[in-house]
Amino acid sequence: MEHKDKQKQTFYVVGKRLDGLDEKAKVAGSVIYADDFTMERMLYAKVFRSTRASAKIKSIDTTAARSLPGVVTVITAEDVPNNRSVTGAVGQTAELGLVQTVQQLVLAEDRVRFYGEPIALVAAEDPDIAKAALKLIKIEYEDIPGVFDPEEAMKDDTPKVHGDNNIIAHWELRRGDIDKAFREADVIVENDYQTQFQEHAHLEPESGVAWIDDDGVLNLRVATQVIEQYREIAHILGIAESKVRIRGTLIGGGFGGKEDLTVEPYIALLSWKTGRPVKLTYEREEMMYGRHKRHPYKMRYKHGATKDGQLVAMEATLISDSGAYVYLSSWVLLYSTVHSTGPYYIPNVKVDSYSVLTNNIYTSAFRSFGAIQVAVACESQMDILARELKMDPAELRAKNYLKTGDKTGTGQRIDSEVLLTETQEAAVKALGDRSKPSAPYMKVGRGFASCWQSYGRMCYLHDTSSAWVGMELDGSAVVRCGIPDLGGGQRESLRQIAAELIGAPLERVHVISTDSQVTPLAGTVTATRALFMSGNAVKLAAEAIRHDLLQKASEMLGENPENLDMCDGEVFASRNRENKIPLAQVVKAIKSEGNPLEVLRTFRAPAAEPVTREILEGQIFPDFTFGSQAAEVEVNTLTGKVNVSKMVGAYDVGKAINPKRVEGQIEGGMAQGLGYALLEEFIEDKGIPQNVNLTTYILPTSKDVPDIQSIILESGSGKGPFGAKGIGEPAIVATAPAILNAIYDAVGVRIKKIPATPESVFYHLKERGERT
Amino acid sequence: MINIRLNVNNEDYQVEVAPYHTLRDVLRDKLGFIDVKNGCNEGECGSCTVLVDGKPVTSCLMLAAQAQGKRITTARGLATDGKLHPLQEKFIDCGAVQCGYCTPGMLMVAKALLDKNPNPTEEEVRAAISGNICRCTGYQQIVEAIMAAAAEMNK
């Protein structure tokens, strides 16, 4: 039974900048992350990986490796019970539909398709021996022609990575009459854009320990964003799903890097085979070339508008590099296609998107999941269009922003409030006065960008999230919820929500999370869904308990339940706090009547049937978060170096459960976006990785990122708890185009390929200088 | 293997190490100081930062044997008698802790800074922590926390 509460008026816990209990453990250095955990008789694993991008494995000889003293076992593909069982469904049971799968392998069989592809596993008594064993594995390759550019790979006469077609996904948007609209447009702007491979570079390496417990259940204690992967592990081993248990750890950063399977299959196989605990922790280099990256995109965009700035047409072609395997490429492409219009109403739309296999590193989930690439193109287009029309870029956008009730490019109705204009104004205003250049050869420029990003997974996946809340006799409480905590305070939010509704002090609410056999499954921590889904699940469970508590308290206090409230372990009359009773007393009274005050609830997101046509139509996502970012840059015209001097991010988050954490997400997302815009590029040359450590893959440091101001707007119109929306992914989307627009404002060059490295800016300046 | 004595957070430990073992590996794997993190193994990320005689060192690049006779401090050594150090308190207060993986290293670098320069400017704080990568916070709240701790400690 659902308990529809009247909208809560007073908040005691939710909305406050409270400290999280997990944070205490983190500053004390007492959190046991995945690699910090050891067991007796534990073995150490290493993965033997391909050093070719495209080759047949002619022979592999593991004899010498096996004989090395201290090596306990070596596993190749033939030792894997079901090497071909891994599905593309990450933590979900419903199908997306229309997705072309290419068989994912646990270990390479007779062929390798990317540098870094796993071929064999070693388990040894210590990590040094395991590493030495890798060197003793003898392998003979025979090179096969490979393909390394997705546009090339689309042609008929290029090498095929799998099967007979490299194009593994195609989506479309169709609305109106695009040819007519362009014929009638006053201004047309057409450009090509390109984005790069980006590496997650979470500070904590992929890591986990697997062991078989007393009940014969295979346990994995692992840093993962998806504990539902226990099903995949069971299928790989050919055992019952009920015999695999994943205990997720507090994660040292994920950003989508710990969403697909990483170490899980390897430690599972080795532990199952040896009967001993096995630990595997990736080395930093291995993280760089062995695990997926963000999809590079090539995008052609064409916009048409009237002379007073009404957008009438948008046509785009998007091509993403799927790398050597599909993983989540079709899903990412779908996100890109839906978000490709930007947060604007455009009556005539034609988008065609393709994801293409190559022999590059495979690509998959990374914060924003396809929306960030199209924002680079779309928001650059808006600025270029504004200048063509001699219009203020702010005014052009404001004229075309989606409004409540408008339909997106797929025909999905926007039913939340849309505070885009407000976020734009807030972001630009907060930049303050334009800084003076610090030297005659420095040029200062300002730019901004608006963005949208879905929160909640695609409706096709029939997403659900469950949570259990139980009261203790003394008024404290336990929350059980499967949601993993990536570091964004996912489970602290659940604590705050529960404490608010059941009236217990924050410190007396204990949250047990992320255990696939102990905590109700809450789904993945991806797709900006954690607060929306697990927050709502906890809210449902806590509201049911609240209902019973207020009912009983009303008898005990002689007040109507609607006139009662709770906080800090007390139930009291809202209009007379002296009329109160300890929460514990109410709980005891209820429990002694045979009501255990333990509730399990499941929250269901809006659902849709699997796609059957390539044209995306209707409601694709539950809802969207809208925001804007502004940046001021200083460009060194002698070196091309771009220094970002100020950044502002303004987002409507619906309701901020804890403003401190929301600000943290906005600021962290913007820093990562700055890296995406200016510094970061994972480079492969014919599939061979060129920069595999943090010296050569440049991450933003405290000297690259300026003061960031985050501005929170709260429309209360989200579908999450108390009207919240999501912020994790939206925070990264607008940064790169804001910076690119600022560069244009500073020096009049339009960078359409990121990262805008000093070399790139320098050559653009030189070229422009030569042309004038 | 050689027998060495390490002084960590004011306590002495006898430990057997190979000449090639790094200070980080010995602290983590042999002495249980898991607050010294494993991030990159090449001195780039800063997550293994400890103080050696008060100076920040990336312990993955220091041999364990080199640390004999020196005073080593890890993040666990910051709290006294169960009471958190002002830096730790302000990190929590200001939202400077998200995933927490960079936190021990950041705290070490911040402590070394404030010990040497009790009243740093924001520029100086940013310079001091520029060898420590944080992928979650964007550094904003970390800088605020260190400035707030300095103010608190100067009261």
# chains A, B, ... in the order shown; residues from 1 in each chain; ligands from 1
>>> interface_residues(of="chain B", to="chain A", cutoff="7 Å", atoms="only C-alpha atoms", output="PyMOL selection string")
chain B and resi 34-35+39-40+44+75-76+88+92-93+95+97-101+103-104+126-127+129-130+133+135-140
>>> residues_around(residues="Leu521 of chain A", least_positions_apart="3", cutoff="9 Å", atoms="only C-alpha atoms", output="PDB file with N, CA and C atoms, in the first residue's frame")
ATOM      1  N   ILE A 227      26.366  -4.335  -8.487  1.00  0.00           N
ATOM      2  CA  ILE A 227      26.491  -5.620  -7.804  1.00  0.00           C
ATOM      3  C   ILE A 227      25.670  -6.708  -8.485  1.00  0.00           C
ATOM      4  N   GLU A 228      24.718  -6.306  -9.340  1.00  0.00           N
ATOM      5  CA  GLU A 228      23.925  -7.298 -10.073  1.00  0.00           C
ATOM      6  C   GLU A 228      24.793  -8.124 -11.024  1.00  0.00           C
ATOM      7  N   THR A 464      13.994  -0.678 -11.574  1.00  0.00           N
ATOM      8  CA  THR A 464      13.413  -0.710 -10.230  1.00  0.00           C
ATOM      9  C   THR A 464      14.536  -0.543  -9.208  1.00  0.00           C
ATOM     10  N   SER A 465      14.154  -0.212  -7.993  1.00  0.00           N
ATOM     11  CA  SER A 465      15.129  -0.093  -6.915  1.00  0.00           C
ATOM     12  C   SER A 465      14.415  -0.409  -5.619  1.00  0.00           C
ATOM     13  N   SER A 466      15.029  -1.252  -4.791  1.00  0.00           N
ATOM     14  CA  SER A 466      14.365  -1.652  -3.549  1.00  0.00           C
ATOM     15  C   SER A 466      15.171  -1.229  -2.332  1.00  0.00           C
ATOM     16  N   ALA A 467      14.452  -1.037  -1.231  1.00  0.00           N
ATOM     17  CA  ALA A 467      15.117  -0.696   0.025  1.00  0.00           C
ATOM     18  C   ALA A 467      14.285  -1.197   1.188  1.00  0.00           C
ATOM     19  N   CYS A 481      20.064  -1.269   1.654  1.00  0.00           N
ATOM     20  CA  CYS A 481      19.830  -0.908   0.259  1.00  0.00           C
ATOM     21  C   CYS A 481      21.042  -1.291  -0.565  1.00  0.00           C
ATOM     22  N   GLY A 482      20.792  -1.913  -1.710  1.00  0.00           N
ATOM     23  CA  GLY A 482      21.898  -2.436  -2.498  1.00  0.00           C
ATOM     24  C   GLY A 482      22.756  -1.406  -3.215  1.00  0.00           C
ATOM     25  N   ILE A 483      22.357  -0.145  -3.200  1.00  0.00           N
ATOM     26  CA  ILE A 483      23.033   0.837  -4.054  1.00  0.00           C
ATOM     27  C   ILE A 483      24.509   0.964  -3.692  1.00  0.00           C
ATOM     28  N   THR A 514      25.026  -2.365  -0.533  1.00  0.00           N
ATOM     29  CA  THR A 514      25.878  -2.974  -1.543  1.00  0.00           C
ATOM     30  C   THR A 514      26.280  -4.425  -1.315  1.00  0.00           C
ATOM     31  N   ASP A 515      25.347  -5.238  -0.834  1.00  0.00           N
ATOM     32  CA  ASP A 515      25.639  -6.676  -0.705  1.00  0.00           C
ATOM     33  C   ASP A 515      24.522  -7.422  -1.414  1.00  0.00           C
ATOM     34  N   SER A 516      24.866  -8.154  -2.468  1.00  0.00           N
ATOM     35  CA  SER A 516      23.810  -8.699  -3.327  1.00  0.00           C
ATOM     36  C   SER A 516      22.967  -9.762  -2.635  1.00  0.00           C
ATOM     37  N   GLN A 517      23.450 -10.330  -1.520  1.00  0.00           N
ATOM     38  CA  GLN A 517      22.622 -11.324  -0.846  1.00  0.00           C
ATOM     39  C   GLN A 517      22.045 -10.838   0.481  1.00  0.00           C
ATOM     40  N   VAL A 518      22.393  -9.629   0.876  1.00  0.00           N
ATOM     41  CA  VAL A 518      21.939  -9.146   2.180  1.00  0.00           C
ATOM     42  C   VAL A 518      21.082  -7.895   2.045  1.00  0.00           C
ATOM     43  N   THR A 524      21.971  -0.180 -10.403  1.00  0.00           N
ATOM     44  CA  THR A 524      23.317   0.321 -10.639  1.00  0.00           C
ATOM     45  C   THR A 524      23.518   1.730 -10.100  1.00  0.00           C
TER      46      THR A 524
END
>>> residues_around(residues="segment 531-541 of chain A", least_positions_apart="4", cutoff="8 Å", atoms="only C-alpha atoms", output="ChimeraX atom specification")
/A:2-3,455-456,464-469,479,481,483,490,493-494,497-498,501,522,545,599-605,719-721,724-726
>>> write_last_selection(atoms="C-alpha atoms", output="compact mmCIF listing (two decimals), in the first residue's frame")
# COMPACT_ATOMS: atom_id res chain seq x y z
CA GLU A 2 1.37 3.41 -0.91
CA HIS A 3 1.20 6.07 1.72
CA TYR A 455 18.52 11.20 -15.00
CA GLY A 456 17.27 7.68 -14.49
CA THR A 464 13.41 -0.71 -10.23
CA SER A 465 15.13 -0.09 -6.92
CA SER A 466 14.36 -1.65 -3.55
CA ALA A 467 15.12 -0.70 0.03
CA TRP A 468 14.33 -1.97 3.49
CA VAL A 469 13.97 0.19 6.57
CA VAL A 479 18.43 0.93 6.26
CA CYS A 481 19.83 -0.91 0.26
CA ILE A 483 23.03 0.84 -4.05
CA GLN A 490 25.03 7.93 -2.41
CA SER A 493 21.69 10.66 0.99
CA LEU A 494 19.72 7.57 1.94
CA ILE A 497 16.16 10.78 3.74
CA ALA A 498 15.43 8.01 6.23
CA LEU A 501 11.04 10.70 7.64
CA ALA A 522 18.69 -1.23 -5.79
CA ILE A 545 7.06 3.43 8.85
CA VAL A 599 9.30 -2.39 5.60
CA LEU A 600 10.60 -3.40 2.18
CA ARG A 601 9.59 -1.24 -0.77
CA THR A 602 10.34 -1.19 -4.48
CA PHE A 603 10.32 1.99 -6.52
CA ARG A 604 9.50 1.60 -10.21
CA ALA A 605 10.65 4.13 -12.78
CA LYS A 719 10.82 12.88 -9.94
CA GLY A 720 13.29 12.02 -7.23
CA PRO A 721 12.68 12.19 -3.48
CA ALA A 724 14.91 16.11 -6.53
CA LYS A 725 16.55 15.59 -9.88
CA GLY A 726 20.02 14.14 -10.47
>>> residues_around(residues="Asp53 of chain B", least_positions_apart="4", cutoff="8 Å", atoms="only C-alpha atoms", output="list in words")
Lys70, Arg71, Ile72 and Thr73 of chain B
>>> write_last_selection(atoms="N, CA and C atoms", output="compact mmCIF listing (two decimals), in the first residue's frame")
# COMPACT_ATOMS: atom_id res chain seq x y z
N LYS B 70 64.05 7.54 10.30
CA LYS B 70 63.30 8.77 10.07
C LYS B 70 61.91 8.66 10.69
N ARG B 71 61.30 9.81 10.95
CA ARG B 71 59.95 9.81 11.52
C ARG B 71 58.94 9.87 10.39
N ILE B 72 58.13 8.82 10.32
CA ILE B 72 57.14 8.75 9.25
C ILE B 72 55.76 9.04 9.83
N THR B 73 55.00 9.88 9.15
CA THR B 73 53.63 10.16 9.58
C THR B 73 52.68 9.78 8.46
>>> residues_around(residues="Gln66 of chain B", least_positions_apart="6", cutoff="10 Å", atoms="only C-alpha atoms", output="PyMOL selection string")
chain B and resi 4+6+19+22-23
>>> write_last_selection(atoms="C-alpha atoms", output="mmCIF file, in the first residue's frame")
data_model
loop_
_atom_site.group_PDB
_atom_site.id
_atom_site.type_symbol
_atom_site.label_atom_id
_atom_site.label_comp_id
_atom_site.auth_asym_id
_atom_site.auth_seq_id
_atom_site.Cartn_x
_atom_site.Cartn_y
_atom_site.Cartn_z
ATOM 1 C CA ILE B 4 64.914 -2.545 9.573
ATOM 2 C CA LEU B 6 60.584 2.052 11.043
ATOM 3 C CA PRO B 19 66.153 -3.975 -0.716
ATOM 4 C CA THR B 22 59.111 0.584 -1.448
ATOM 5 C CA LEU B 23 58.096 2.409 1.690
#
>>> atom_distance(atom1="atom CA of Glu500 of chain A", atom2="atom CA of Gly718 of chain A")
18.7 Å
>>> atom_distance(atom1="atom CA of Phe369 of chain A", atom2="atom CA of Met458 of chain A")
11.8 Å
>>> residues_around(residues="Ala132 of chain A", least_positions_apart="3", cutoff="12 Å", atoms="only C-alpha atoms", output="list in words")
Ala45, Lys46, Val47, Phe48, Ala64, Ala65, Arg66, Ser67, Leu68, Pro69, Gly70, Val71, Val122, Ala123, Ala124, Glu125, Asp126, Pro127, Asp128, Ile129, Lys135, Leu136 and Ile137 of chain A
>>> closest_residue(among="A:Leu506, A:Ile212, A:Leu357, A:Leu550", to="Arg276 of chain A", atoms="only C-alpha atoms")
A:Ile212
>>> atom_distance(atom1="atom CA of Met391 of chain A", atom2="atom CA of Leu419 of chain A")
21.5 Å
>>> select_by_dssp(residues="segment 465-661 of chain A", states="strand (DSSP E or B)", output="ChimeraX atom specification")
/A:465-471,477-481,509-513,515,564-567,570-573,576-582,598-604,615,623-636,642-652
>>> residues_around(residues="Lys350 of chain A", least_positions_apart="5", cutoff="6 Å", atoms="only C-alpha atoms", output="list of chain:residue names")
A:Leu173, A:Arg174, A:Glu315
>>> closest_residue(among="B:Gly54, B:Arg28, B:Leu63, B:Ala110", to="Glu124 of chain B", atoms="only C-alpha atoms")
B:Ala110
>>> closest_residue(among="A:Ala530, A:Val571, A:Met647, A:Ala169", to="Val587 of chain A", atoms="only C-alpha atoms")
A:Val571
>>> select_by_dssp(residues="segment 72-132 of chain A", states="helix (DSSP H, G or I)", output="VMD selection string")
chain A and resid 77 to 79 127 to 132
>>> write_last_selection(atoms="N, CA and C atoms", output="mmCIF file, in the first residue's frame")
data_model
loop_
_atom_site.group_PDB
_atom_site.id
_atom_site.type_symbol
_atom_site.label_atom_id
_atom_site.label_comp_id
_atom_site.auth_asym_id
_atom_site.auth_seq_id
_atom_site.Cartn_x
_atom_site.Cartn_y
_atom_site.Cartn_z
ATOM 1 N N ALA A 77 41.345 -19.400 -22.288
ATOM 2 C CA ALA A 77 39.927 -19.457 -22.676
ATOM 3 C C ALA A 77 39.331 -20.852 -22.533
ATOM 4 N N GLU A 78 40.095 -21.877 -22.848
ATOM 5 C CA GLU A 78 39.524 -23.232 -22.803
ATOM 6 C C GLU A 78 39.226 -23.692 -21.373
ATOM 7 N N ASP A 79 39.786 -22.999 -20.384
ATOM 8 C CA ASP A 79 39.504 -23.351 -18.987
ATOM 9 C C ASP A 79 38.272 -22.638 -18.445
ATOM 10 N N PRO A 127 52.492 -11.156 -5.609
ATOM 11 C CA PRO A 127 52.300 -10.408 -6.857
ATOM 12 C C PRO A 127 53.556 -10.378 -7.730
ATOM 13 N N ASP A 128 54.729 -10.393 -7.122
ATOM 14 C CA ASP A 128 55.957 -10.371 -7.934
ATOM 15 C C ASP A 128 56.102 -11.651 -8.747
ATOM 16 N N ILE A 129 55.739 -12.785 -8.132
ATOM 17 C CA ILE A 129 55.824 -14.054 -8.849
ATOM 18 C C ILE A 129 54.803 -14.071 -9.983
ATOM 19 N N ALA A 130 53.612 -13.562 -9.716
ATOM 20 C CA ALA A 130 52.575 -13.524 -10.757
ATOM 21 C C ALA A 130 53.054 -12.698 -11.946
ATOM 22 N N LYS A 131 53.687 -11.567 -11.632
ATOM 23 C CA LYS A 131 54.206 -10.700 -12.700
ATOM 24 C C LYS A 131 55.295 -11.405 -13.500
ATOM 25 N N ALA A 132 56.173 -12.120 -12.779
ATOM 26 C CA ALA A 132 57.250 -12.847 -13.459
ATOM 27 C C ALA A 132 56.679 -13.929 -14.354
#
